[in-house]
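Enquirer: This is start_21.txt, which holds compact mmCIF, N, CA and C atoms:
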# COMPACT_ATOMS: atom_id res chain seq x y z
N MET A 17 -168.12 -70.32 -61.47
CA MET A 17 -166.94 -70.18 -62.30
C MET A 17 -166.22 -68.91 -61.86
N MET A 18 -164.90 -69.01 -61.78
CA MET A 18 -164.13 -67.85 -61.37
C MET A 18 -164.20 -66.77 -62.45
N GLU A 19 -164.09 -65.52 -62.04
CA GLU A 19 -164.24 -64.40 -62.96
C GLU A 19 -163.25 -64.47 -64.12
N TYR A 20 -161.98 -64.81 -63.82
CA TYR A 20 -160.98 -64.82 -64.89
C TYR A 20 -161.27 -65.91 -65.92
N GLU A 21 -162.00 -66.97 -65.54
CA GLU A 21 -162.30 -68.04 -66.48
C GLU A 21 -163.36 -67.62 -67.50
N LYS A 22 -164.05 -66.53 -67.26
CA LYS A 22 -165.02 -66.01 -68.21
C LYS A 22 -164.34 -65.25 -69.33
N ASP A 23 -163.07 -64.89 -69.13
CA ASP A 23 -162.31 -64.13 -70.10
C ASP A 23 -161.66 -65.08 -71.10
N TRP A 24 -161.91 -64.88 -72.40
CA TRP A 24 -161.40 -65.77 -73.44
C TRP A 24 -159.88 -65.89 -73.39
N PHE A 25 -159.18 -64.77 -73.26
CA PHE A 25 -157.73 -64.79 -73.26
C PHE A 25 -157.19 -65.61 -72.08
N MET A 26 -157.77 -65.43 -70.91
CA MET A 26 -157.30 -66.17 -69.74
C MET A 26 -157.55 -67.67 -69.90
N ARG A 27 -158.64 -68.04 -70.55
CA ARG A 27 -158.89 -69.46 -70.79
C ARG A 27 -157.82 -70.03 -71.73
N GLN A 28 -157.41 -69.24 -72.71
CA GLN A 28 -156.37 -69.71 -73.63
C GLN A 28 -155.03 -69.87 -72.92
N VAL A 29 -154.73 -68.93 -72.03
CA VAL A 29 -153.49 -69.03 -71.25
C VAL A 29 -153.53 -70.28 -70.39
N LYS A 30 -154.65 -70.53 -69.74
CA LYS A 30 -154.79 -71.70 -68.89
C LYS A 30 -154.63 -72.98 -69.72
N ALA A 31 -155.18 -73.00 -70.90
CA ALA A 31 -155.08 -74.18 -71.76
C ALA A 31 -153.65 -74.41 -72.21
N ALA A 32 -152.89 -73.35 -72.38
CA ALA A 32 -151.53 -73.47 -72.88
C ALA A 32 -150.58 -74.06 -71.85
N VAL A 33 -150.98 -74.11 -70.61
CA VAL A 33 -150.12 -74.63 -69.56
C VAL A 33 -149.83 -76.10 -69.78
N PHE A 34 -150.79 -76.87 -70.22
CA PHE A 34 -150.61 -78.30 -70.44
C PHE A 34 -150.34 -78.56 -71.92
N LYS A 35 -149.28 -79.27 -72.20
CA LYS A 35 -148.93 -79.58 -73.58
C LYS A 35 -148.78 -81.09 -73.75
N PRO A 36 -149.88 -81.80 -74.03
CA PRO A 36 -149.76 -83.25 -74.18
C PRO A 36 -149.06 -83.66 -75.47
N PHE A 37 -148.90 -82.73 -76.39
CA PHE A 37 -148.31 -83.06 -77.67
C PHE A 37 -146.89 -82.53 -77.71
N LYS A 38 -146.06 -83.15 -76.88
CA LYS A 38 -144.68 -82.71 -76.71
C LYS A 38 -143.86 -83.01 -77.97
N LYS A 39 -142.89 -82.19 -78.17
CA LYS A 39 -141.98 -82.40 -79.29
C LYS A 39 -140.95 -83.43 -78.86
N THR A 40 -140.82 -84.47 -79.63
CA THR A 40 -139.82 -85.49 -79.36
C THR A 40 -138.87 -85.48 -80.54
N SER A 41 -138.36 -86.61 -80.93
CA SER A 41 -137.47 -86.67 -82.08
C SER A 41 -138.20 -86.33 -83.37
N GLU A 42 -139.50 -86.50 -83.36
CA GLU A 42 -140.29 -86.10 -84.52
C GLU A 42 -141.33 -85.08 -84.06
N VAL A 43 -141.72 -84.25 -84.95
CA VAL A 43 -142.67 -83.20 -84.61
C VAL A 43 -144.07 -83.81 -84.51
N GLN A 44 -144.74 -83.52 -83.40
CA GLN A 44 -146.11 -83.98 -83.24
C GLN A 44 -147.02 -82.75 -83.29
N VAL A 45 -148.07 -82.87 -84.04
CA VAL A 45 -148.99 -81.75 -84.20
C VAL A 45 -150.25 -82.07 -83.41
N MET A 46 -150.71 -81.08 -82.66
CA MET A 46 -151.95 -81.26 -81.92
C MET A 46 -153.09 -81.37 -82.92
N PRO A 47 -153.91 -82.40 -82.79
CA PRO A 47 -155.05 -82.53 -83.69
C PRO A 47 -155.98 -81.32 -83.57
N VAL A 48 -156.61 -81.01 -84.67
CA VAL A 48 -157.54 -79.89 -84.70
C VAL A 48 -158.94 -80.43 -84.96
N ILE A 49 -159.91 -79.60 -84.66
CA ILE A 49 -161.30 -79.96 -84.89
C ILE A 49 -161.96 -78.80 -85.63
N GLN A 50 -162.85 -79.14 -86.53
CA GLN A 50 -163.60 -78.12 -87.27
C GLN A 50 -164.78 -77.68 -86.42
N VAL A 51 -164.90 -76.39 -86.17
CA VAL A 51 -166.03 -75.85 -85.42
C VAL A 51 -166.67 -74.73 -86.22
N THR A 52 -167.94 -74.52 -85.99
CA THR A 52 -168.68 -73.47 -86.68
C THR A 52 -169.00 -72.38 -85.68
N ASP A 53 -168.65 -71.15 -86.02
CA ASP A 53 -168.98 -70.01 -85.18
C ASP A 53 -170.49 -69.82 -85.21
N GLU A 54 -171.11 -69.87 -84.03
CA GLU A 54 -172.57 -69.77 -83.97
C GLU A 54 -173.08 -68.41 -84.43
N GLY A 55 -172.27 -67.36 -84.26
CA GLY A 55 -172.69 -66.02 -84.66
C GLY A 55 -172.58 -65.77 -86.14
N THR A 56 -171.45 -66.18 -86.74
CA THR A 56 -171.21 -65.86 -88.14
C THR A 56 -171.47 -67.03 -89.08
N GLY A 57 -171.46 -68.24 -88.55
CA GLY A 57 -171.64 -69.41 -89.39
C GLY A 57 -170.35 -69.85 -90.07
N GLU A 58 -169.24 -69.17 -89.79
CA GLU A 58 -167.96 -69.51 -90.41
C GLU A 58 -167.37 -70.75 -89.73
N ASN A 59 -166.64 -71.54 -90.53
CA ASN A 59 -165.96 -72.72 -90.01
C ASN A 59 -164.52 -72.38 -89.68
N TYR A 60 -164.04 -72.95 -88.57
CA TYR A 60 -162.67 -72.74 -88.13
C TYR A 60 -162.05 -74.06 -87.72
N SER A 61 -160.75 -74.15 -87.87
CA SER A 61 -159.99 -75.27 -87.32
C SER A 61 -159.34 -74.77 -86.04
N VAL A 62 -159.61 -75.45 -84.94
CA VAL A 62 -159.02 -75.06 -83.65
C VAL A 62 -158.41 -76.30 -83.01
N PRO A 63 -157.37 -76.10 -82.20
CA PRO A 63 -156.80 -77.25 -81.48
C PRO A 63 -157.86 -77.90 -80.60
N ILE A 64 -157.91 -79.20 -80.61
CA ILE A 64 -158.94 -79.90 -79.87
C ILE A 64 -158.88 -79.59 -78.38
N GLN A 65 -157.68 -79.43 -77.83
CA GLN A 65 -157.56 -79.14 -76.40
C GLN A 65 -158.21 -77.80 -76.06
N SER A 66 -158.01 -76.81 -76.89
CA SER A 66 -158.62 -75.50 -76.66
C SER A 66 -160.14 -75.59 -76.73
N TYR A 67 -160.63 -76.37 -77.66
CA TYR A 67 -162.08 -76.52 -77.81
C TYR A 67 -162.68 -77.25 -76.61
N LEU A 68 -162.00 -78.30 -76.16
CA LEU A 68 -162.50 -79.03 -74.99
C LEU A 68 -162.51 -78.13 -73.76
N LEU A 69 -161.46 -77.32 -73.61
CA LEU A 69 -161.40 -76.39 -72.48
C LEU A 69 -162.59 -75.43 -72.52
N GLU A 70 -162.86 -74.89 -73.69
CA GLU A 70 -163.98 -73.95 -73.84
C GLU A 70 -165.30 -74.61 -73.44
N LEU A 71 -165.50 -75.85 -73.88
CA LEU A 71 -166.73 -76.56 -73.53
C LEU A 71 -166.84 -76.83 -72.04
N VAL A 72 -165.74 -77.22 -71.41
CA VAL A 72 -165.78 -77.49 -69.97
C VAL A 72 -166.06 -76.20 -69.20
N LEU A 73 -165.42 -75.12 -69.59
CA LEU A 73 -165.62 -73.85 -68.88
C LEU A 73 -167.03 -73.31 -69.05
N THR A 74 -167.71 -73.74 -70.09
CA THR A 74 -169.11 -73.34 -70.28
C THR A 74 -170.06 -74.46 -69.81
N LEU A 75 -169.48 -75.43 -69.09
CA LEU A 75 -170.22 -76.53 -68.46
C LEU A 75 -170.93 -77.44 -69.47
N LYS A 76 -170.35 -77.57 -70.65
CA LYS A 76 -170.86 -78.51 -71.66
C LYS A 76 -169.96 -79.76 -71.63
N VAL A 77 -169.90 -80.37 -70.45
CA VAL A 77 -168.95 -81.45 -70.20
C VAL A 77 -169.30 -82.70 -70.99
N ASN A 78 -170.57 -83.06 -71.06
CA ASN A 78 -170.95 -84.26 -71.83
C ASN A 78 -170.58 -84.12 -73.30
N GLN A 79 -170.82 -82.96 -73.86
CA GLN A 79 -170.45 -82.71 -75.26
C GLN A 79 -168.94 -82.81 -75.43
N ALA A 80 -168.19 -82.25 -74.49
CA ALA A 80 -166.73 -82.31 -74.57
C ALA A 80 -166.23 -83.75 -74.49
N GLU A 81 -166.81 -84.53 -73.59
CA GLU A 81 -166.39 -85.92 -73.45
C GLU A 81 -166.68 -86.71 -74.73
N ASN A 82 -167.84 -86.47 -75.31
CA ASN A 82 -168.18 -87.14 -76.57
C ASN A 82 -167.18 -86.80 -77.67
N ILE A 83 -166.80 -85.54 -77.74
CA ILE A 83 -165.83 -85.11 -78.75
C ILE A 83 -164.47 -85.73 -78.49
N LEU A 84 -164.06 -85.77 -77.23
CA LEU A 84 -162.77 -86.38 -76.88
C LEU A 84 -162.68 -87.79 -77.45
N PHE A 85 -163.70 -88.59 -77.21
CA PHE A 85 -163.65 -89.98 -77.67
C PHE A 85 -163.87 -90.10 -79.18
N SER A 86 -164.72 -89.27 -79.75
CA SER A 86 -164.95 -89.38 -81.21
C SER A 86 -163.74 -88.92 -82.02
N GLU A 87 -162.93 -88.03 -81.46
CA GLU A 87 -161.75 -87.54 -82.16
C GLU A 87 -160.48 -88.34 -81.84
N SER A 88 -160.61 -89.37 -81.03
CA SER A 88 -159.43 -90.12 -80.57
C SER A 88 -158.66 -90.77 -81.71
N LYS A 89 -159.32 -91.08 -82.79
CA LYS A 89 -158.64 -91.74 -83.92
C LYS A 89 -157.66 -90.81 -84.63
N LYS A 90 -157.76 -89.50 -84.37
CA LYS A 90 -156.84 -88.54 -84.98
C LYS A 90 -155.56 -88.38 -84.17
N MET A 91 -155.45 -89.13 -83.07
CA MET A 91 -154.31 -89.00 -82.17
C MET A 91 -153.62 -90.34 -82.01
N THR A 92 -152.36 -90.26 -81.57
CA THR A 92 -151.69 -91.49 -81.17
C THR A 92 -152.32 -91.94 -79.85
N ASP A 93 -152.11 -93.18 -79.48
CA ASP A 93 -152.63 -93.68 -78.20
C ASP A 93 -152.10 -92.85 -77.04
N GLU A 94 -150.82 -92.50 -77.09
CA GLU A 94 -150.22 -91.71 -76.02
C GLU A 94 -150.87 -90.32 -75.93
N GLN A 95 -151.05 -89.68 -77.08
CA GLN A 95 -151.69 -88.36 -77.09
C GLN A 95 -153.10 -88.43 -76.51
N PHE A 96 -153.85 -89.44 -76.94
CA PHE A 96 -155.22 -89.58 -76.48
C PHE A 96 -155.26 -89.81 -74.97
N PHE A 97 -154.38 -90.67 -74.47
CA PHE A 97 -154.35 -90.97 -73.05
C PHE A 97 -153.99 -89.72 -72.24
N GLU A 98 -152.98 -88.97 -72.70
CA GLU A 98 -152.57 -87.75 -72.00
C GLU A 98 -153.65 -86.67 -72.06
N LEU A 99 -154.24 -86.48 -73.23
CA LEU A 99 -155.30 -85.49 -73.36
C LEU A 99 -156.52 -85.89 -72.52
N GLY A 100 -156.84 -87.16 -72.53
CA GLY A 100 -157.96 -87.64 -71.73
C GLY A 100 -157.73 -87.42 -70.24
N ASN A 101 -156.53 -87.71 -69.77
CA ASN A 101 -156.23 -87.47 -68.36
C ASN A 101 -156.29 -85.98 -68.03
N TRP A 102 -155.78 -85.14 -68.93
CA TRP A 102 -155.88 -83.69 -68.73
C TRP A 102 -157.35 -83.28 -68.63
N PHE A 103 -158.17 -83.81 -69.53
CA PHE A 103 -159.59 -83.49 -69.56
C PHE A 103 -160.27 -83.86 -68.24
N TYR A 104 -160.04 -85.10 -67.78
CA TYR A 104 -160.71 -85.54 -66.55
C TYR A 104 -160.14 -84.82 -65.31
N ASP A 105 -158.87 -84.45 -65.34
CA ASP A 105 -158.33 -83.62 -64.25
C ASP A 105 -159.05 -82.28 -64.22
N LEU A 106 -159.24 -81.68 -65.38
CA LEU A 106 -159.93 -80.39 -65.49
C LEU A 106 -161.37 -80.50 -64.99
N VAL A 107 -162.07 -81.52 -65.42
CA VAL A 107 -163.47 -81.71 -65.02
C VAL A 107 -163.55 -81.97 -63.52
N ASN A 108 -162.59 -82.71 -63.00
CA ASN A 108 -162.59 -83.03 -61.57
C ASN A 108 -162.40 -81.78 -60.70
N LYS A 109 -161.82 -80.74 -61.26
CA LYS A 109 -161.62 -79.49 -60.52
C LYS A 109 -162.91 -78.67 -60.43
N LEU A 110 -163.93 -79.03 -61.19
CA LEU A 110 -165.21 -78.32 -61.10
C LEU A 110 -165.83 -78.61 -59.73
N SER A 111 -166.53 -77.65 -59.21
CA SER A 111 -167.22 -77.84 -57.93
C SER A 111 -168.39 -78.80 -58.13
N ASP A 112 -168.92 -79.31 -57.03
CA ASP A 112 -170.08 -80.19 -57.10
C ASP A 112 -171.26 -79.48 -57.75
N GLU A 113 -171.40 -78.18 -57.45
CA GLU A 113 -172.49 -77.40 -58.03
C GLU A 113 -172.32 -77.26 -59.55
N GLU A 114 -171.08 -77.03 -59.98
CA GLU A 114 -170.82 -76.91 -61.42
C GLU A 114 -171.06 -78.25 -62.12
N LEU A 115 -170.63 -79.34 -61.50
CA LEU A 115 -170.87 -80.65 -62.09
C LEU A 115 -172.37 -80.93 -62.20
N LYS A 116 -173.11 -80.56 -61.18
CA LYS A 116 -174.57 -80.76 -61.21
C LYS A 116 -175.19 -79.93 -62.35
N ALA A 117 -174.75 -78.68 -62.48
CA ALA A 117 -175.25 -77.82 -63.55
C ALA A 117 -174.88 -78.37 -64.93
N ALA A 118 -173.74 -79.06 -65.01
CA ALA A 118 -173.28 -79.65 -66.27
C ALA A 118 -173.90 -81.02 -66.51
N ASN A 119 -174.69 -81.51 -65.55
CA ASN A 119 -175.29 -82.84 -65.64
C ASN A 119 -174.20 -83.91 -65.80
N PHE A 120 -173.18 -83.81 -64.95
CA PHE A 120 -172.05 -84.73 -64.97
C PHE A 120 -171.74 -85.09 -63.52
N SER A 121 -171.12 -86.24 -63.30
CA SER A 121 -170.86 -86.67 -61.93
C SER A 121 -169.42 -87.13 -61.75
N ARG A 122 -169.02 -87.23 -60.52
CA ARG A 122 -167.67 -87.73 -60.22
C ARG A 122 -167.56 -89.21 -60.62
N THR A 123 -168.66 -89.93 -60.57
CA THR A 123 -168.67 -91.32 -61.02
C THR A 123 -168.35 -91.39 -62.51
N GLU A 124 -168.91 -90.46 -63.28
CA GLU A 124 -168.62 -90.43 -64.72
C GLU A 124 -167.16 -90.09 -64.99
N ILE A 125 -166.56 -89.29 -64.13
CA ILE A 125 -165.13 -88.99 -64.27
C ILE A 125 -164.32 -90.27 -64.09
N SER A 126 -164.64 -91.03 -63.05
CA SER A 126 -163.93 -92.30 -62.80
C SER A 126 -164.13 -93.27 -63.96
N GLN A 127 -165.36 -93.35 -64.45
CA GLN A 127 -165.65 -94.26 -65.56
C GLN A 127 -164.91 -93.81 -66.83
N GLY A 128 -164.87 -92.52 -67.06
CA GLY A 128 -164.15 -92.00 -68.22
C GLY A 128 -162.68 -92.33 -68.17
N ARG A 129 -162.08 -92.18 -67.00
CA ARG A 129 -160.66 -92.54 -66.84
C ARG A 129 -160.45 -94.02 -67.14
N ALA A 130 -161.36 -94.86 -66.69
CA ALA A 130 -161.26 -96.30 -66.97
C ALA A 130 -161.37 -96.55 -68.47
N ASP A 131 -162.27 -95.82 -69.12
CA ASP A 131 -162.46 -95.98 -70.57
C ASP A 131 -161.22 -95.55 -71.34
N LEU A 132 -160.46 -94.60 -70.81
CA LEU A 132 -159.21 -94.18 -71.47
C LEU A 132 -158.26 -95.35 -71.60
N GLY A 133 -158.12 -96.10 -70.54
CA GLY A 133 -157.22 -97.25 -70.54
C GLY A 133 -157.65 -98.33 -71.51
N GLN A 134 -158.96 -98.49 -71.69
CA GLN A 134 -159.48 -99.51 -72.59
C GLN A 134 -159.36 -99.08 -74.05
N SER A 135 -159.31 -97.78 -74.29
CA SER A 135 -159.26 -97.29 -75.66
C SER A 135 -157.85 -97.32 -76.24
N THR A 136 -156.85 -97.35 -75.37
CA THR A 136 -155.46 -97.32 -75.87
C THR A 136 -154.93 -98.69 -76.14
Using structure tokens, write down the structure from this file.
Expert:
Amino acid sequence: MMEYEKDWFMRQVKAAVFKPFKKTSEVQVMPVIQVTDEGTGENYSVPIQSYLLELVLTLKVNQAENILFSESKKMTDEQFFELGNWFYDLVNKLSDEELKAANFSRTEISQGRADLGQST
């Protein structure tokens, strides 16, 4: 993992680059997910995209993928498809060594992309 990706602020900046929840004629709100801080035990609502990014950067890719699909009902089909493509693009940028450490494969990336189309 690159040094800047270990920095929380830089990960947030990187996540902000992609905005699948574009403003159109009506306001669309990015779905949030409830997470518990492991240190304090406090619950927080965070944008799902930020949470998925955090999981991928810490190589918890399987957990992130499970959350992506389990939270899909909180999104429109278009939002889910765009967020899913962003997710698999992000995972695909991981090195082979990082994917191995995450117990994830390029085949799973292809299968996940196929599953996106079936879910919409």
Enquirer: Check the smallest atom-to-atom distance from each of A:Thr52, A:Glu87, A:Asp131, A:Tyr60 to Tyr104 in chain A using only C-alpha atoms, then report the winner.
Expert: A:Asp131
Enquirer: For atom N of Ala118 in chain A and atom N of Lys76 in chain A, quote the distance in Å rounded to one decimal.
Expert: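 Distance between the two atoms: 6.7 Å.
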Enquirer: Using only C-alpha atoms, find the one residue out of A:Asn59, A:Asn101, A:Thr92, A:Gln65 that sits nearest to Ala80 in chain A.
Expert: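 Once distances to Ala80 in chain A are computed over only C-alpha atoms, the minimum belongs to A:Gln65.
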Enquirer: Could you check which of A:Glu81, A:Val72, A:Thr56, A:Gln127 is closest to Leu106 in chain A, using all atoms listed in the file?
Expert: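 Ranking A:Glu81, A:Val72, A:Thr56, A:Gln127 by distance to Leu106 in chain A, first place goes to A:Val72.
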Enquirer: Measuring atom to atom with only C-alpha atoms, identify which of A:Phe85, A:Phe103, A:Ala117, A:Asn108 is nearest to Gln134 in chain A.
Expert: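 Distance minimum relative to Gln134 in chain A lands on A:Phe85.
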Enquirer: Between A:Leu132, A:Leu75, A:Ile83, A:Met91, single out the one closest to Leu110 in chain A, counting only C-alpha atoms.
Expert: A:Leu75
Enquirer: Would you list the contacts of Asp112 in chain A as a list in words, taking every protein, DNA or RNA residue within 9 Å and counting only C-alpha atoms, but skipping same-chain residues closer than 4 positions in sequence?
Expert: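 Neighbouring residues, sequence-local ones excluded: Lys116, Ala117, Ser121 and Arg122 of chain A.
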Enquirer: Quick one: pull the distance between CA of Val62 in chain A and CA of Gly133 in chain A, Å, one decimal.
Expert: 25.8 Å
Enquirer: To one decimal place, how far is CA of Asp105 in chain A from atom C of Pro63 in chain A in Å?
Expert: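 Computed distance, CA of Asp105 in chain A to atom C of Pro63 in chain A, equals 17.3 Å.
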Enquirer: Do a neighbour search on Ile64 in chain A at 6 Å with only N, CA and C atoms, toss out local chain neighbours closer than 5 positions, and write the hits as a PyMOL selection string.
Expert: chain A and resi 46-49+69
Enquirer: Would you please extract all helix (DSSP H, G or I) residues from range 34-107 of chain A, as assigned by DSSP on the backbone, and give them as a PyMOL selection string?
Expert: chain A and resi 64-73+77-86+88-90+93-107
Enquirer: Edge lengths and centre, in Å to one decimal, as lines of an AutoDock Vina configuration file: that's what I need for the box along x, y and z that holds all listed atoms of range 65-71 of chain A plus 6 Å on each side.
Expert:
center_x = -162.2
center_y = -76.7
center_z = -74.9
size_x = 21.3
size_y = 17.5
size_z = 17.8
